[in-house]
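Q: Next up, coords07.pdb (PDB, C-alpha atoms and all ligand atoms).
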ATOM      1  CA  MET A  23       8.501  89.257 -61.412
ATOM      2  CA  THR A  24       6.711  88.674 -64.740
ATOM      3  CA  LYS A  25       3.285  87.221 -64.222
ATOM      4  CA  ARG A  26       2.775  84.122 -66.388
ATOM      5  CA  ILE A  27       0.067  82.075 -68.079
ATOM      6  CA  VAL A  28       0.815  78.355 -68.460
ATOM      7  CA  LEU A  29      -1.350  76.866 -71.183
ATOM      8  CA  ALA A  30      -2.159  73.153 -71.451
ATOM      9  CA  ASP A  31      -1.883  71.334 -74.770
ATOM     10  CA  PRO A  32      -3.888  69.277 -75.593
ATOM     11  CA  ARG A  33      -6.998  71.077 -74.402
ATOM     12  CA  GLY A  34     -10.435  71.838 -75.854
ATOM     13  CA  PHE A  35     -12.282  70.051 -78.655
ATOM     14  CA  CYS A  36     -11.917  66.283 -79.017
ATOM     15  CA  ALA A  37     -12.720  64.286 -82.147
ATOM     16  CA  GLY A  38     -16.176  63.252 -80.845
ATOM     17  CA  VAL A  39     -17.255  66.821 -80.103
ATOM     18  CA  ASP A  40     -15.867  68.076 -83.390
ATOM     19  CA  ARG A  41     -17.878  65.445 -85.258
ATOM     20  CA  ALA A  42     -21.105  66.145 -83.332
ATOM     21  CA  ILE A  43     -20.947  69.892 -83.969
ATOM     22  CA  LEU A  44     -20.023  69.343 -87.614
ATOM     23  CA  THR A  45     -23.020  67.014 -87.943
ATOM     24  CA  VAL A  46     -25.447  69.781 -86.977
ATOM     25  CA  GLN A  47     -23.554  72.389 -89.018
ATOM     26  CA  THR A  48     -23.641  70.133 -92.106
ATOM     27  CA  ILE A  49     -27.416  69.783 -91.861
ATOM     28  CA  LEU A  50     -27.828  73.520 -91.275
ATOM     29  CA  LYS A  51     -25.626  74.285 -94.280
ATOM     30  CA  ALA A  52     -27.620  71.933 -96.521
ATOM     31  CA  SER A  53     -30.791  73.776 -95.492
ATOM     32  CA  GLY A  54     -29.316  77.174 -96.266
ATOM     33  CA  GLY A  55     -29.592  78.087 -92.588
ATOM     34  CA  ALA A  56     -33.228  79.080 -92.819
ATOM     35  CA  ASP A  57     -36.526  77.554 -91.759
ATOM     36  CA  ARG A  58     -38.108  75.321 -94.369
ATOM     37  CA  ALA A  59     -40.894  76.465 -96.684
ATOM     38  CA  ASP A  60     -43.384  74.665 -94.406
ATOM     39  CA  GLY A  61     -42.204  76.779 -91.430
ATOM     40  CA  LEU A  62     -40.527  73.850 -89.684
ATOM     41  CA  PRO A  63     -36.918  74.218 -88.464
ATOM     42  CA  PRO A  64     -34.068  72.694 -90.517
ATOM     43  CA  VAL A  65     -32.998  70.379 -87.700
ATOM     44  CA  TYR A  66     -33.882  69.276 -84.179
ATOM     45  CA  VAL A  67     -31.226  68.227 -81.651
ATOM     46  CA  ARG A  68     -32.065  66.038 -78.649
ATOM     47  CA  ARG A  69     -30.447  67.498 -75.509
ATOM     48  CA  GLN A  70     -27.284  69.607 -75.669
ATOM     49  CA  ILE A  71     -25.284  68.362 -78.692
ATOM     50  CA  VAL A  72     -22.201  68.692 -76.446
ATOM     51  CA  HIS A  73     -22.136  69.997 -72.884
ATOM     52  CA  ASN A  74     -21.214  73.600 -73.634
ATOM     53  CA  ARG A  75     -23.617  76.523 -73.333
ATOM     54  CA  HIS A  76     -21.835  78.646 -75.942
ATOM     55  CA  VAL A  77     -21.819  75.883 -78.575
ATOM     56  CA  VAL A  78     -25.531  75.254 -78.056
ATOM     57  CA  GLU A  79     -26.413  78.967 -78.212
ATOM     58  CA  ASP A  80     -24.376  79.367 -81.383
ATOM     59  CA  LEU A  81     -26.100  76.460 -83.181
ATOM     60  CA  ALA A  82     -29.512  77.636 -81.937
ATOM     61  CA  SER A  83     -28.820  81.081 -83.396
ATOM     62  CA  GLN A  84     -28.205  79.374 -86.760
ATOM     63  CA  GLY A  85     -31.625  77.675 -86.670
ATOM     64  CA  ALA A  86     -31.146  74.384 -84.784
ATOM     65  CA  VAL A  87     -33.973  73.660 -82.337
ATOM     66  CA  PHE A  88     -32.922  71.864 -79.144
ATOM     67  CA  VAL A  89     -35.404  69.599 -77.348
ATOM     68  CA  GLN A  90     -35.117  67.661 -74.121
ATOM     69  CA  GLU A  91     -37.343  64.795 -75.268
ATOM     70  CA  LEU A  92     -38.545  63.497 -78.644
ATOM     71  CA  ALA A  93     -42.158  64.151 -77.570
ATOM     72  CA  GLU A  94     -41.493  67.883 -78.096
ATOM     73  CA  ILE A  95     -41.035  67.299 -81.843
ATOM     74  CA  PRO A  96     -44.364  67.855 -83.612
ATOM     75  CA  ASP A  97     -45.888  65.103 -85.759
ATOM     76  CA  GLU A  98     -45.719  67.391 -88.857
ATOM     77  CA  ALA A  99     -41.906  67.498 -88.445
ATOM     78  CA  ALA A 100     -41.745  63.709 -88.211
ATOM     79  CA  ALA A 101     -43.935  63.360 -91.303
ATOM     80  CA  ALA A 102     -41.849  65.937 -93.188
ATOM     81  CA  GLY A 103     -38.594  64.102 -92.384
ATOM     82  CA  VAL A 104     -36.916  66.949 -90.467
ATOM     83  CA  PRO A 105     -33.652  65.426 -89.129
ATOM     84  CA  ILE A 106     -33.285  64.877 -85.376
ATOM     85  CA  VAL A 107     -29.684  64.641 -84.178
ATOM     86  CA  PHE A 108     -28.767  62.513 -81.154
ATOM     87  CA  SER A 109     -26.016  64.144 -79.099
ATOM     88  CA  ALA A 110     -22.394  63.016 -78.662
ATOM     89  CA  HIS A 111     -23.304  61.429 -75.294
ATOM     90  CA  GLY A 112     -25.507  58.733 -76.843
ATOM     91  CA  VAL A 113     -29.034  57.558 -76.039
ATOM     92  CA  SER A 114     -30.611  54.480 -74.522
ATOM     93  CA  PRO A 115     -32.394  51.930 -76.748
ATOM     94  CA  SER A 116     -35.762  53.209 -75.480
ATOM     95  CA  VAL A 117     -35.084  56.588 -77.128
ATOM     96  CA  LYS A 118     -34.141  54.879 -80.392
ATOM     97  CA  ALA A 119     -37.317  52.778 -80.177
ATOM     98  CA  GLU A 120     -39.427  55.899 -79.625
ATOM     99  CA  ALA A 121     -37.809  57.552 -82.660
ATOM    100  CA  ASP A 122     -38.471  54.450 -84.774
ATOM    101  CA  ALA A 123     -42.075  54.236 -83.620
ATOM    102  CA  ARG A 124     -42.626  57.857 -84.665
ATOM    103  CA  GLY A 125     -40.770  57.408 -87.957
ATOM    104  CA  LEU A 126     -38.286  60.175 -87.098
ATOM    105  CA  HIS A 127     -35.346  60.822 -89.413
ATOM    106  CA  VAL A 128     -32.501  60.210 -86.949
ATOM    107  CA  VAL A 129     -28.924  61.339 -87.461
ATOM    108  CA  ASP A 130     -26.913  59.743 -84.683
ATOM    109  CA  ALA A 131     -23.929  61.867 -83.562
ATOM    110  CA  THR A 132     -23.070  59.601 -80.605
ATOM    111  CA  CYS A 133     -19.275  59.623 -80.200
ATOM    112  CA  PRO A 134     -17.872  56.331 -81.553
ATOM    113  CA  LEU A 135     -16.019  55.883 -78.236
ATOM    114  CA  VAL A 136     -19.324  56.036 -76.343
ATOM    115  CA  SER A 137     -20.894  53.616 -78.845
ATOM    116  CA  LYS A 138     -18.013  51.225 -78.077
ATOM    117  CA  VAL A 139     -19.128  51.086 -74.413
ATOM    118  CA  HIS A 140     -22.748  50.426 -75.501
ATOM    119  CA  ARG A 141     -21.510  47.501 -77.625
ATOM    120  CA  GLU A 142     -19.449  46.183 -74.685
ATOM    121  CA  VAL A 143     -22.565  46.161 -72.491
ATOM    122  CA  LEU A 144     -24.500  44.166 -75.071
ATOM    123  CA  ARG A 145     -21.641  41.693 -75.594
ATOM    124  CA  PHE A 146     -21.030  41.062 -71.876
ATOM    125  CA  VAL A 147     -24.759  40.697 -71.136
ATOM    126  CA  ARG A 148     -24.987  38.169 -73.994
ATOM    127  CA  GLU A 149     -22.102  36.259 -72.375
ATOM    128  CA  GLY A 150     -23.927  36.140 -69.036
ATOM    129  CA  TYR A 151     -22.038  38.876 -67.114
ATOM    130  CA  GLU A 152     -23.281  41.349 -64.525
ATOM    131  CA  ILE A 153     -21.715  44.739 -65.270
ATOM    132  CA  VAL A 154     -20.449  47.207 -62.684
ATOM    133  CA  TYR A 155     -20.463  50.584 -64.441
ATOM    134  CA  ILE A 156     -18.521  53.456 -62.883
ATOM    135  CA  GLY A 157     -20.185  56.695 -63.948
ATOM    136  CA  HIS A 158     -22.131  59.751 -62.871
ATOM    137  CA  ARG A 159     -25.784  59.135 -62.084
ATOM    138  CA  GLY A 160     -28.034  61.245 -64.302
ATOM    139  CA  HIS A 161     -25.314  62.184 -66.831
ATOM    140  CA  ASP A 162     -26.636  61.681 -70.391
ATOM    141  CA  GLU A 163     -23.853  59.204 -71.252
ATOM    142  CA  ALA A 164     -24.465  57.081 -68.143
ATOM    143  CA  VAL A 165     -28.249  57.091 -68.698
ATOM    144  CA  GLY A 166     -27.730  55.835 -72.261
ATOM    145  CA  VAL A 167     -25.281  53.070 -71.283
ATOM    146  CA  VAL A 168     -27.305  51.811 -68.307
ATOM    147  CA  GLY A 169     -30.391  51.872 -70.534
ATOM    148  CA  GLU A 170     -28.863  49.121 -72.719
ATOM    149  CA  SER A 171     -29.631  46.617 -69.968
ATOM    150  CA  PRO A 172     -30.885  48.231 -66.728
ATOM    151  CA  GLU A 173     -31.267  44.874 -64.970
ATOM    152  CA  HIS A 174     -27.633  43.834 -65.575
ATOM    153  CA  VAL A 175     -25.784  47.195 -65.373
ATOM    154  CA  HIS A 176     -25.061  48.315 -61.796
ATOM    155  CA  LEU A 177     -24.004  51.961 -61.628
ATOM    156  CA  ILE A 178     -21.622  53.161 -58.930
ATOM    157  CA  GLU A 179     -20.025  56.589 -58.659
ATOM    158  CA  HIS A 180     -17.197  56.257 -56.101
ATOM    159  CA  ALA A 181     -15.108  53.717 -54.183
ATOM    160  CA  ASP A 182     -17.483  54.159 -51.200
ATOM    161  CA  ASP A 183     -20.345  52.762 -53.298
ATOM    162  CA  VAL A 184     -18.610  49.393 -53.715
ATOM    163  CA  ASP A 185     -20.061  48.289 -50.356
ATOM    164  CA  THR A 186     -23.578  48.673 -51.744
ATOM    165  CA  LEU A 187     -22.908  45.863 -54.266
ATOM    166  CA  ASP A 188     -23.459  42.217 -53.445
ATOM    167  CA  PHE A 189     -22.384  39.423 -55.815
ATOM    168  CA  THR A 190     -21.488  35.811 -55.091
ATOM    169  CA  PRO A 191     -18.260  34.330 -56.552
ATOM    170  CA  ASP A 192     -20.229  32.308 -59.109
ATOM    171  CA  THR A 193     -21.463  35.561 -60.743
ATOM    172  CA  LYS A 194     -19.516  36.533 -63.867
ATOM    173  CA  LEU A 195     -18.549  40.177 -63.267
ATOM    174  CA  VAL A 196     -17.006  42.853 -65.490
ATOM    175  CA  LEU A 197     -16.408  46.560 -64.941
ATOM    176  CA  LEU A 198     -16.969  49.291 -67.510
ATOM    177  CA  THR A 199     -16.697  53.058 -67.099
ATOM    178  CA  GLN A 200     -17.969  56.366 -68.390
ATOM    179  CA  THR A 201     -15.514  57.871 -70.924
ATOM    180  CA  THR A 202     -14.861  61.131 -69.061
ATOM    181  CA  LEU A 203     -13.910  60.065 -65.528
ATOM    182  CA  SER A 204     -10.856  61.096 -63.533
ATOM    183  CA  ILE A 205      -8.154  58.494 -64.215
ATOM    184  CA  ASP A 206      -6.824  58.728 -60.636
ATOM    185  CA  GLU A 207     -10.195  58.559 -58.902
ATOM    186  CA  THR A 208     -11.289  55.678 -61.113
ATOM    187  CA  SER A 209      -8.143  53.681 -60.238
ATOM    188  CA  GLY A 210      -9.159  53.994 -56.565
ATOM    189  CA  THR A 211     -12.680  52.750 -57.323
ATOM    190  CA  ILE A 212     -11.322  49.869 -59.423
ATOM    191  CA  ALA A 213      -8.939  48.899 -56.608
ATOM    192  CA  ALA A 214     -11.877  48.830 -54.162
ATOM    193  CA  LEU A 215     -13.887  46.697 -56.588
ATOM    194  CA  LYS A 216     -11.004  44.240 -57.039
ATOM    195  CA  ALA A 217     -10.514  43.989 -53.281
ATOM    196  CA  ARG A 218     -14.186  43.106 -52.760
ATOM    197  CA  PHE A 219     -14.696  41.024 -55.943
ATOM    198  CA  PRO A 220     -11.226  39.670 -56.906
ATOM    199  CA  TRP A 221     -12.655  37.793 -59.908
ATOM    200  CA  ILE A 222     -14.051  40.947 -61.573
ATOM    201  CA  LYS A 223     -12.852  41.320 -65.159
ATOM    202  CA  GLU A 224     -11.786  44.560 -66.879
ATOM    203  CA  PRO A 225     -12.622  45.436 -70.505
ATOM    204  CA  PRO A 226      -9.918  44.742 -73.143
ATOM    205  CA  SER A 227      -9.061  48.468 -73.216
ATOM    206  CA  SER A 228      -9.953  51.296 -70.841
ATOM    207  CA  ASP A 229     -13.267  53.025 -71.534
ATOM    208  CA  ILE A 230     -11.850  56.364 -70.374
ATOM    209  CA  CYS A 231     -11.216  57.984 -73.743
ATOM    210  CA  TYR A 232      -7.950  59.303 -75.195
ATOM    211  CA  ALA A 233      -9.137  62.939 -74.969
ATOM    212  CA  THR A 234      -9.971  62.651 -71.268
ATOM    213  CA  SER A 235      -6.617  60.986 -70.449
ATOM    214  CA  ASN A 236      -4.577  63.431 -72.531
ATOM    215  CA  ARG A 237      -6.260  66.543 -71.094
ATOM    216  CA  GLN A 238      -5.872  65.296 -67.529
ATOM    217  CA  ALA A 239      -2.171  64.461 -68.044
ATOM    218  CA  ALA A 240      -1.507  67.930 -69.513
ATOM    219  CA  VAL A 241      -3.407  69.861 -66.845
ATOM    220  CA  LYS A 242      -1.539  67.978 -64.108
ATOM    221  CA  LEU A 243       1.812  69.257 -65.414
ATOM    222  CA  VAL A 244       0.379  72.737 -65.904
ATOM    223  CA  ALA A 245      -0.964  72.861 -62.331
ATOM    224  CA  GLU A 246       2.416  71.761 -60.975
ATOM    225  CA  GLN A 247       3.896  74.939 -62.505
ATOM    226  CA  SER A 248       1.077  77.266 -61.418
ATOM    227  CA  ASP A 249      -0.374  78.936 -58.311
ATOM    228  CA  CYS A 250      -3.925  78.958 -59.618
ATOM    229  CA  VAL A 251      -5.705  77.176 -62.498
ATOM    230  CA  VAL A 252      -8.639  78.291 -64.660
ATOM    231  CA  ILE A 253     -10.518  75.571 -66.525
ATOM    232  CA  VAL A 254     -12.869  76.738 -69.265
ATOM    233  CA  GLY A 255     -15.954  74.515 -69.498
ATOM    234  CA  SER A 256     -19.602  74.289 -68.490
ATOM    235  CA  ALA A 257     -20.766  73.008 -65.096
ATOM    236  CA  ASN A 258     -22.577  70.034 -66.689
ATOM    237  CA  SER A 259     -19.499  68.999 -68.696
ATOM    238  CA  SER A 260     -18.158  65.917 -66.930
ATOM    239  CA  ASN A 261     -14.665  66.126 -68.430
ATOM    240  CA  SER A 262     -14.355  69.873 -67.624
ATOM    241  CA  VAL A 263     -15.302  69.304 -63.985
ATOM    242  CA  ARG A 264     -12.833  66.382 -63.785
ATOM    243  CA  LEU A 265     -10.089  68.660 -65.197
ATOM    244  CA  MET A 266     -10.790  71.133 -62.389
ATOM    245  CA  GLU A 267     -10.557  68.332 -59.793
ATOM    246  CA  VAL A 268      -7.320  66.970 -61.284
ATOM    247  CA  ALA A 269      -5.818  70.480 -61.334
ATOM    248  CA  GLN A 270      -6.894  71.086 -57.732
ATOM    249  CA  GLU A 271      -5.158  67.887 -56.631
ATOM    250  CA  ALA A 272      -1.961  68.754 -58.558
ATOM    251  CA  LEU A 273      -1.877  72.273 -57.094
ATOM    252  CA  ALA A 274      -1.201  70.451 -53.815
ATOM    253  CA  GLY A 275      -2.569  73.204 -51.589
ATOM    254  CA  ARG A 276      -0.622  76.024 -53.324
ATOM    255  CA  GLY A 277      -3.775  77.546 -54.794
ATOM    256  CA  THR A 278      -7.238  76.956 -56.200
ATOM    257  CA  ALA A 279      -8.575  75.557 -59.480
ATOM    258  CA  HIS A 280     -11.639  77.360 -60.842
ATOM    259  CA  ARG A 281     -14.079  76.466 -63.632
ATOM    260  CA  VAL A 282     -15.650  79.169 -65.780
ATOM    261  CA  ASP A 283     -17.938  79.156 -68.806
ATOM    262  CA  ASP A 284     -16.078  82.163 -70.154
ATOM    263  CA  ALA A 285     -13.804  85.063 -69.173
ATOM    264  CA  ALA A 286     -16.705  87.081 -67.733
ATOM    265  CA  GLU A 287     -17.011  84.613 -64.839
ATOM    266  CA  MET A 288     -13.438  85.147 -63.582
ATOM    267  CA  GLU A 289     -13.141  87.011 -60.280
ATOM    268  CA  GLU A 290     -10.474  89.575 -59.445
ATOM    269  CA  SER A 291      -9.704  88.060 -56.031
ATOM    270  CA  TRP A 292      -8.605  84.715 -57.562
ATOM    271  CA  PHE A 293      -5.382  86.297 -58.794
ATOM    272  CA  ASP A 294      -4.210  88.161 -55.666
ATOM    273  CA  GLY A 295      -0.550  87.247 -55.104
ATOM    274  CA  VAL A 296      -0.576  84.746 -58.000
ATOM    275  CA  GLY A 297       2.564  84.552 -60.190
ATOM    276  CA  ALA A 298       1.471  81.852 -62.662
ATOM    277  CA  VAL A 299      -2.049  80.920 -63.810
ATOM    278  CA  GLY A 300      -2.560  77.558 -65.504
ATOM    279  CA  VAL A 301      -5.244  77.423 -68.222
ATOM    280  CA  SER A 302      -6.964  74.492 -69.895
ATOM    281  CA  SER A 303     -10.398  73.651 -71.289
ATOM    282  CA  GLY A 304     -12.785  70.714 -71.493
ATOM    283  CA  ALA A 305     -13.331  68.619 -74.622
ATOM    284  CA  SER A 306     -16.515  70.524 -75.548
ATOM    285  CA  VAL A 307     -15.012  74.028 -75.375
ATOM    286  CA  PRO A 308     -14.280  76.171 -78.472
ATOM    287  CA  ASP A 309     -10.783  77.675 -78.380
ATOM    288  CA  ALA A 310     -12.252  81.186 -78.831
ATOM    289  CA  LEU A 311     -13.447  80.989 -75.203
ATOM    290  CA  VAL A 312      -9.914  80.096 -74.037
ATOM    291  CA  ALA A 313      -8.572  83.005 -76.095
ATOM    292  CA  GLY A 314     -11.015  85.262 -74.221
ATOM    293  CA  VAL A 315      -9.677  84.006 -70.877
ATOM    294  CA  ILE A 316      -6.079  84.561 -72.002
ATOM    295  CA  ASP A 317      -6.898  88.134 -73.110
ATOM    296  CA  ALA A 318      -8.599  88.857 -69.781
ATOM    297  CA  LEU A 319      -5.558  87.499 -67.895
ATOM    298  CA  LYS A 320      -3.223  89.617 -70.025
ATOM    299  CA  ASP A 321      -5.316  92.644 -69.012
ATOM    300  CA  ARG A 322      -4.612  91.643 -65.395
ATOM    301  CA  GLY A 323      -0.831  91.710 -66.034
ATOM    302  CA  PHE A 324      -0.192  88.047 -66.930
ATOM    303  CA  THR A 325       1.762  88.935 -70.055
ATOM    304  CA  GLU A 326       4.108  85.974 -70.544
ATOM    305  CA  VAL A 327       2.494  82.896 -72.119
ATOM    306  CA  SER A 328       4.105  79.453 -72.276
ATOM    307  CA  THR A 329       2.622  76.124 -73.339
ATOM    308  CA  VAL A 330       3.067  72.682 -71.784
ATOM    309  CA  GLU A 331       2.574  70.178 -74.601
ATOM    310  CA  THR A 332       2.326  66.520 -73.610
ATOM    311  CA  ILE A 333       1.144  64.807 -76.795
ATOM    312  CA  LYS A 334       0.047  65.611 -80.366
ATOM    313  CA  GLU A 335      -3.473  64.379 -81.046
ATOM    314  CA  ASN A 336      -4.482  63.295 -84.537
ATOM    315  CA  MET A 337      -7.783  61.508 -83.880
ATOM    316  CA  HIS A 338     -10.570  62.161 -86.373
ATOM    317  CA  PHE A 339     -14.019  60.609 -86.762
ATOM    318  CA  VAL A 340     -15.964  60.651 -90.033
ATOM    319  CA  LEU A 341     -19.481  62.118 -90.080
ATOM    320  CA  PRO A 342     -22.438  59.838 -89.244
ATOM    321  CA  ALA A 343     -23.322  57.410 -92.039
ATOM    322  CA  GLU A 344     -26.666  59.166 -92.678
ATOM    323  CA  LEU A 345     -24.793  62.292 -93.825
ATOM    324  CA  ARG A 346     -22.256  60.398 -95.897
ATOM    325  CA  LYS A 347     -24.930  58.412 -97.751
ATOM    326  CA  GLN A 348     -27.273  61.209 -98.733
ATOM    327  CA  PRO A 349     -27.548  64.971 -98.437
ATOM    328  CA  ALA A 350     -29.696  66.122 -95.517
ATOM    329  CA  ARG A 351     -33.326  66.705 -96.486
ATOM    330  CA  ALA A 352     -34.184  70.374 -96.669
TER     331      ALA A 352
HETATM  332  S1  LIG B   1     -14.665  63.227 -74.564
HETATM  333 FE1  LIG B   1     -14.032  61.274 -75.474
HETATM  334  S2  LIG B   1     -15.888  60.006 -75.493
HETATM  335 FE2  LIG B   1     -16.533  62.149 -75.140
HETATM  336  S3  LIG B   1     -16.993  62.937 -77.171
HETATM  337 FE3  LIG B   1     -14.835  63.409 -76.769
HETATM  338  S4  LIG B   1     -13.672  61.671 -77.665
HETATM  339 FE4  LIG B   1     -15.801  61.044 -77.455
END
Now that the file is in, can you turn its structure into structure tokens?
Ligand code: SF4

A:
Amino acid sequence: MTKRIVLADPRGFCAGVDRAILTVQTILKASGGADRADGLPPVYVRRQIVHNRHVVEDLASQGAVFVQELAEIPDEAAAAGVPIVFSAHGVSPSVKAEADARGLHVVDATCPLVSKVHREVLRFVREGYEIVYIGHRGHDEAVGVVGESPEHVHLIEHADDVDTLDFTPDTKLVLLTQTTLSIDETSGTIAALKARFPWIKEPPSSDICYATSNRQAAVKLVAEQSDCVVIVGSANSSNSVRLMEVAQEALAGRGTAHRVDDAAEMEESWFDGVGAVGVSSGASVPDALVAGVIDALKDRGFTEVSTVETIKENMHFVLPAELRKQPARA
């Protein structure tokens, strides 16, 4: 029997990740890729620009300096106007206020689909709603969204958490979600919310983004045709971890779904007795890493490659306004 690889399409980079990486690359290119004459770096990036170790290491090798907090940026850099890029996951207003107070030159690479959820929070709070936000505690995106109005945004992670909420029927309630959740798990949480608070309102359109939905739909079909699935993506990438969970569910006990950062993390024992390996990747994963996994599987005898294509994506986001208006300062 020929051993097969079943590849999911769409997989990998989404429009928001593409834009965020291009934002940093554009600034690096404008600087010539070298440190400035004053010895300062060409660009700072707050947190991982996207949740992928390889992407971050690659941009760091080209001169970008990654910081956890704005306080790590020296005053000379602020005074010299060195750009600081906010990551695709967005930031809370307190971070923006800190940047303003220090006069930092901000280039905001927050994905427009994350910004949409921030705007929804502000609109619903203005209209007097309490917001139940389904998301992952501590994830950069969730921290940013909750930070818009911590007193009115109530974060829950799972259906079990619904019991911890307490609202009376005269409270205007709406639910919003993180963009990268599992569609199936979220439907369960929403059903539990509606059972407990039947008057809760949903946003005009789902907050789970197109890239998350499309990648989950494709990996489901792939897993149904496979005995094992390998998802390429980092452990802190919410959408990559969800892809692994969705694949595990769709494998229906026939095998295991694994997540790896790259081919080097695959283990020999995963493929014992396996006829077909499904492969997909999270929205922050460069296709070169998937190519590495495919090559490593071919070396293990999985020589036939087929693709399950569910939809053609043609989403594109323009660069942040700061880069369209003026060239980055060098
Ligand atoms: S996964 Fe969705 S919300 Fe996140 S960056 Fe990509 S398009 Fe934007």

Q: For segment 189-203 of chain A, work out the shell of residues within 9 Å, counting all atoms listed in the file and skipping chain neighbours fewer than 2 positions away, then give it as a CSV table (one decimal) with C-alpha atoms, in the frame of the given file.

A:
chain,number,residue,atom,x,y,z
A,135,LEU,CA,-16.0,55.9,-78.2
A,136,VAL,CA,-19.3,56.0,-76.3
A,139,VAL,CA,-19.1,51.1,-74.4
A,142,GLU,CA,-19.4,46.2,-74.7
A,143,VAL,CA,-22.6,46.2,-72.5
A,146,PHE,CA,-21.0,41.1,-71.9
A,149,GLU,CA,-22.1,36.3,-72.4
A,150,GLY,CA,-23.9,36.1,-69.0
A,151,TYR,CA,-22.0,38.9,-67.1
A,152,GLU,CA,-23.3,41.3,-64.5
A,153,ILE,CA,-21.7,44.7,-65.3
A,154,VAL,CA,-20.4,47.2,-62.7
A,155,TYR,CA,-20.5,50.6,-64.4
A,156,ILE,CA,-18.5,53.5,-62.9
A,157,GLY,CA,-20.2,56.7,-63.9
A,158,HIS,CA,-22.1,59.8,-62.9
A,163,GLU,CA,-23.9,59.2,-71.3
A,164,ALA,CA,-24.5,57.1,-68.1
A,167,VAL,CA,-25.3,53.1,-71.3
A,187,LEU,CA,-22.9,45.9,-54.3
A,205,ILE,CA,-8.2,58.5,-64.2
A,206,ASP,CA,-6.8,58.7,-60.6
A,207,GLU,CA,-10.2,58.6,-58.9
A,208,THR,CA,-11.3,55.7,-61.1
A,212,ILE,CA,-11.3,49.9,-59.4
A,215,LEU,CA,-13.9,46.7,-56.6
A,219,PHE,CA,-14.7,41.0,-55.9
A,220,PRO,CA,-11.2,39.7,-56.9
A,221,TRP,CA,-12.7,37.8,-59.9
A,222,ILE,CA,-14.1,40.9,-61.6
A,223,LYS,CA,-12.9,41.3,-65.2
A,224,GLU,CA,-11.8,44.6,-66.9
A,225,PRO,CA,-12.6,45.4,-70.5
A,228,SER,CA,-10.0,51.3,-70.8
A,229,ASP,CA,-13.3,53.0,-71.5
A,230,ILE,CA,-11.8,56.4,-70.4
A,231,CYS,CA,-11.2,58.0,-73.7
A,232,TYR,CA,-8.0,59.3,-75.2
A,233,ALA,CA,-9.1,62.9,-75.0
A,234,THR,CA,-10.0,62.7,-71.3
A,235,SER,CA,-6.6,61.0,-70.4
A,260,SER,CA,-18.2,65.9,-66.9
A,261,ASN,CA,-14.7,66.1,-68.4
A,262,SER,CA,-14.4,69.9,-67.6
A,264,ARG,CA,-12.8,66.4,-63.8

Q: Taking only C-alpha atoms into account, name the residue in A:Leu341, A:Ile95, A:Ala269, A:Val78 that is nearest to Leu62 of chain A.

A: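 Closest to Leu62 of chain A, using only C-alpha atoms: A:Ile95.
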
Q: Determine the nearest neighbour of Gly314 of chain A from the options A:Pro134, A:Val254, A:Glu246, A:Ile71, counting all atoms listed in the file.

A: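 Nearest candidate to Gly314 of chain A out of A:Pro134, A:Val254, A:Glu246, A:Ile71: A:Val254.
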
Q: Step by step, gather every atom of ligand LIG 1 (chain B) that the file lists, find the box along x, y and z that holds them, add 4 Å on each side, and finally give centre and edge lengths in Å to one decimal, as JSON.

A:
{"center_x": -15.3, "center_y": 61.7, "center_z": -76.1, "size_x": 11.3, "size_y": 11.4, "size_z": 11.1}

Q: Quick one: of A:Thr186, A:Thr132, A:Ser114, A:Ser302, who's nearest to ligand LIG 1 (chain B), counting all atoms listed in the file?

A: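 Smallest separation from ligand LIG 1 (chain B) among the options: A:Thr132.
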
Q: Any chance you could work out the residue set of the PyMOL selection byres (((chain A and resi 100) around 10) and not hetatm) here, as a PyMOL selection string?

A: chain A and resi 95-99+101-106+121+124-128

Q: List the neighbours of Glu94 of chain A out to 10 Å using all atoms listed in the file; skip same-chain residues closer than 6 positions along the sequence, and give me the result as an NGL selection string.

A: :A and (66 or 68 or 88)

Q: With distances taken over only C-alpha atoms, which residue among A:Pro115, A:Pro64, A:Gly277, A:Gly323 lies nearest Gln47 of chain A?

A: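 Residue with the minimum atom-to-atom distance to Gln47 of chain A: A:Pro64.
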
Q: Take the PyMOL selection byres (((chain A and resi 337) around 8) and not hetatm), run it mentally on this structure, and tell me the resulting residues as a PyMOL selection string.

A: chain A and resi 36-37+335-336+338-339

Q: Rounded to one decimal in Å, what is the spacing between atom CA of His280 of chain A and atom CA of Val28 of chain A?

A: 14.6 Å

Q: Restricting the calculation to only C-alpha atoms, which member of A:Val117, A:Val251, A:Val184, A:Val241 is positioned closest to Gly297 of chain A?

A: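 Selected residue with least distance to Gly297 of chain A: A:Val251.
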
Q: Using all atoms listed in the file, find the one residue out of A:Ser303, A:Gln90, A:Ser171, A:Ser209 that sits nearest to ligand LIG 1 (chain B).

A: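 Closest to ligand LIG 1 (chain B) of all the choices is A:Ser303.
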
Q: Env of Val263 of chain A: 9 Å cut, atoms = all atoms listed in the file, seq-sep filter 5 positions within chain, self excluded. Answer as a list in words.

A: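 My list of contacting residues is Ile253, Gly255, Ser256, Ala257, Asn258, Val268, Arg281 and Gly304 of chain A.
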
Q: May I ask for the distance between atom FE2 of ligand LIG 1 (chain B) and atom CA of Gly38 of chain A, given in Å to one decimal place?

A: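 So the two atoms, atom FE2 of ligand LIG 1 (chain B) and atom CA of Gly38 of chain A, lie 5.8 Å apart.
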
Q: Please write as a ChimeraX atom specification the full residue list that the PyMOL selection byres (((chain A and resi 116) around 12) and not hetatm) yields on this file.

A: /A:91-92,112-115,117-123,165-172

Q: May I have the residues at most 12 Å from (9.7, 87.8, -58.5) in the file's coordinates, counting only C-alpha atoms, as a list of chain:residue names?

A: A:Met23, A:Thr24, A:Lys25, A:Arg26, A:Gly295, A:Val296, A:Gly297, A:Ala298
